[in-house]
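What follows is one structure encoded as structure tokens, with my remarks underneath.
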Amino acid sequence: MATGDGRSSGLRVAATVILALIFSLVPLPEIAEPWRPNLLLLFVIYWSLSAPTIAGLMFAWLCGMATDLLTGTLLGQHAAGFLLVAFFTHKQQLRMRIFPIYHQTLTVFMLLAIYEFLIFWIDGIIGQEVTSWQRWAPVVSGAIFWPLIVAVLDTWNRRRR
Amino acid sequence: MVTLSSDSRPIIGRGPPLGARLFFLSVLSIVVMVADHRNLYMDSARQWMGLLTQPFYAVVQAPAQAWNWLTGSFADRDTLQRDNKKLNEELRVARVKLLRFDSLVEENTRLRAIREASQGIGQRTLIAEIVKVDVDPLRHRVRINKGSLDGVFKDQPVLDAFGIVGQVTRVDRYGAEVILISDAAHAIPVQINRNGIRSIAVGVGDVRKLSLPYLTVESDNKVGDLLVSSGLDGIFPAGYPVATITSVKRDPAETFAVVEAKPLAQLDRIREVLLLWHDQPAAIQPAAATEPPAAAQPPAAKPAVEKPTTPSPAE
């Protein structure tokens, strides 16, 4: 694989992050609301796998902080979740990159579950626990979206390289 | 999977190792979380960081605003006439009610003068628009477009035309976050209007339902009773409608009845809310009015303050 042009792929990363942040705020119909996938987290995983020099832990942490600010949750809560997920992804990066897609999706499912659990746990500590099943819906929808995101971004990256 | 850089293995001279970075950022996250949870130095920081988020809200809001503008400017004559007629009727009904209200106010001031109690009314209001943004589906919080620049403050009561909506939990310069009375972390001290029995209405996370867990089996309440705010929390002014009781289940074996109420404010449909400035925090207890709100609360009314961020008396 050829090395990507650092600046243009940096722009691509920024564009996807802004898109995901806007998507996290767009109003959805009431039925779809709990199923809204955490697009930003999926992008962070994707970029940690495909452009680890650009998307490091600091990048993931800042994305988490942006989520905290936009959704008005406890500052640092989502940042910690993003950080943990990015850490695991970077640890397993070389292995995860060559996984077949179903295997990769399963791994992403696990990562999302870990993320939601950490958020759930912190919520519990500060006494705002949400115990409905809807809390776990983004894990499922996120895993369903993962192959789609890989397909779209891979195509984009190949064309723009 | 396309990789943008093939040389991703850690090589010497690539900055601190992964574990060290994880440790550093985790510590940073925890420090920020603790500081935010305890309200240490974070208010002004949040205000300024709130500025960064403003463009995102603006972008998300833009289509809805454009649609409103379009429908507003191309509304046909029939619709306008119908609206006009309806509004006129509503205005007439409201005027008639107001006539009665005026005489009641007069009577109230007279009675208060007799009791030498302080006057509880004298309030300023401001209309704020709900920013069409879903902040968090699992918590009932909305964002409004008035912030500290308009004088909005934390714990400010928020109403609509039908009843109490909630209270302000966080303020930045151009916006504020409001917790609805139906949020599972919110409770409001209320009074049954018919007989003055005090209780607390707790949100359950459903916009059409409030629960009153502290009414005993023997207490006098029935379906259709109006619940008004009692003002004991020092946050909400006394006497504003909150909800009507929709169901009462009495099991003689239990101590407490299972009472549910329906909020009067249209929590899921409102677009505009009313922010309220009131001079006297506790209208029912004139003696407590001079104390800060948190200190004025009796222990029973404690849950009225949103649990995670109980305001300290210093605020």
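In the structure tokens, the first chain shown is A, the next is B, and so on; residue numbers restart at 1 for each chain, and ligands run from 1 in the order shown.
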message: At a cut-off of 9 Å, using only C-alpha atoms, what residues contact Lys209 (chain B)? Leave out same-chain residues fewer than 5 positions from it and give the result as a PyMOL selection string.
response: chain B and resi 182+203-204+243+246+260-263
Can you write out as CSV which residues of chain A fall within 6 Å of chain B, alongside each residue's closest atom pair and its distance in Å to one decimal, counting only C-alpha atoms and ordering rows by chain and ascending residue number?
```
residue,atom,partner,partner_atom,distance
A:Thr3,CA,B:Ser5,CA,4.5
A:Gly4,CA,B:Leu4,CA,4.5
A:Leu25,CA,B:Val133,CA,6.0
A:Val26,CA,B:Val60,CA,5.8
A:Pro27,CA,B:Asp134,CA,5.7
A:Ser50,CA,B:Thr3,CA,4.2
A:Ala51,CA,B:Leu4,CA,5.3
A:Thr71,CA,B:Val135,CA,5.1
A:Leu75,CA,B:Met33,CA,5.6
A:Gly76,CA,B:Ser29,CA,4.9
A:Ala80,CA,B:Ser29,CA,5.8
A:Asp154,CA,B:Val2,CA,5.5
```
field: CA of Ala113 (chain A) to CA of Ile18 (chain A), distance in Å rounded to a single decimal
entry: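 These two atoms are separated by 23.7 Å.
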field: Top pick for closest residue to Leu11 (chain A), considering A:Ile54, A:Gly81, A:Ile149, A:Ser24 and counting only C-alpha atoms
entry: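 Of all the options, A:Ile54 lies closest to Leu11 (chain A).
When CA of Pro237 (chain B) is paired with CA of Ala128 (chain B), their separation reads 18.7 Å.
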- prompt: For Gln156 (chain B), which residue among B:Ile235, B:Ala20, B:Val259, B:Val217 is the nearest when counting only C-alpha atoms?
  reply: B:Ile235
query: Hey, can you check how far CA of Asp150 (chain B) sits from CA of Leu69 (chain A)?
result: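 Separation of CA of Asp150 (chain B) and CA of Leu69 (chain A): 21.0 Å.
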field: Expected answer as a PyMOL selection string: strand (DSSP E) residues in region 123-303 of chain B
entry: chain B and resi 124-129+141-144+157-159+164-171+176-180+187-192+198-203+210-212+226-229+241-249+258-263+272-277
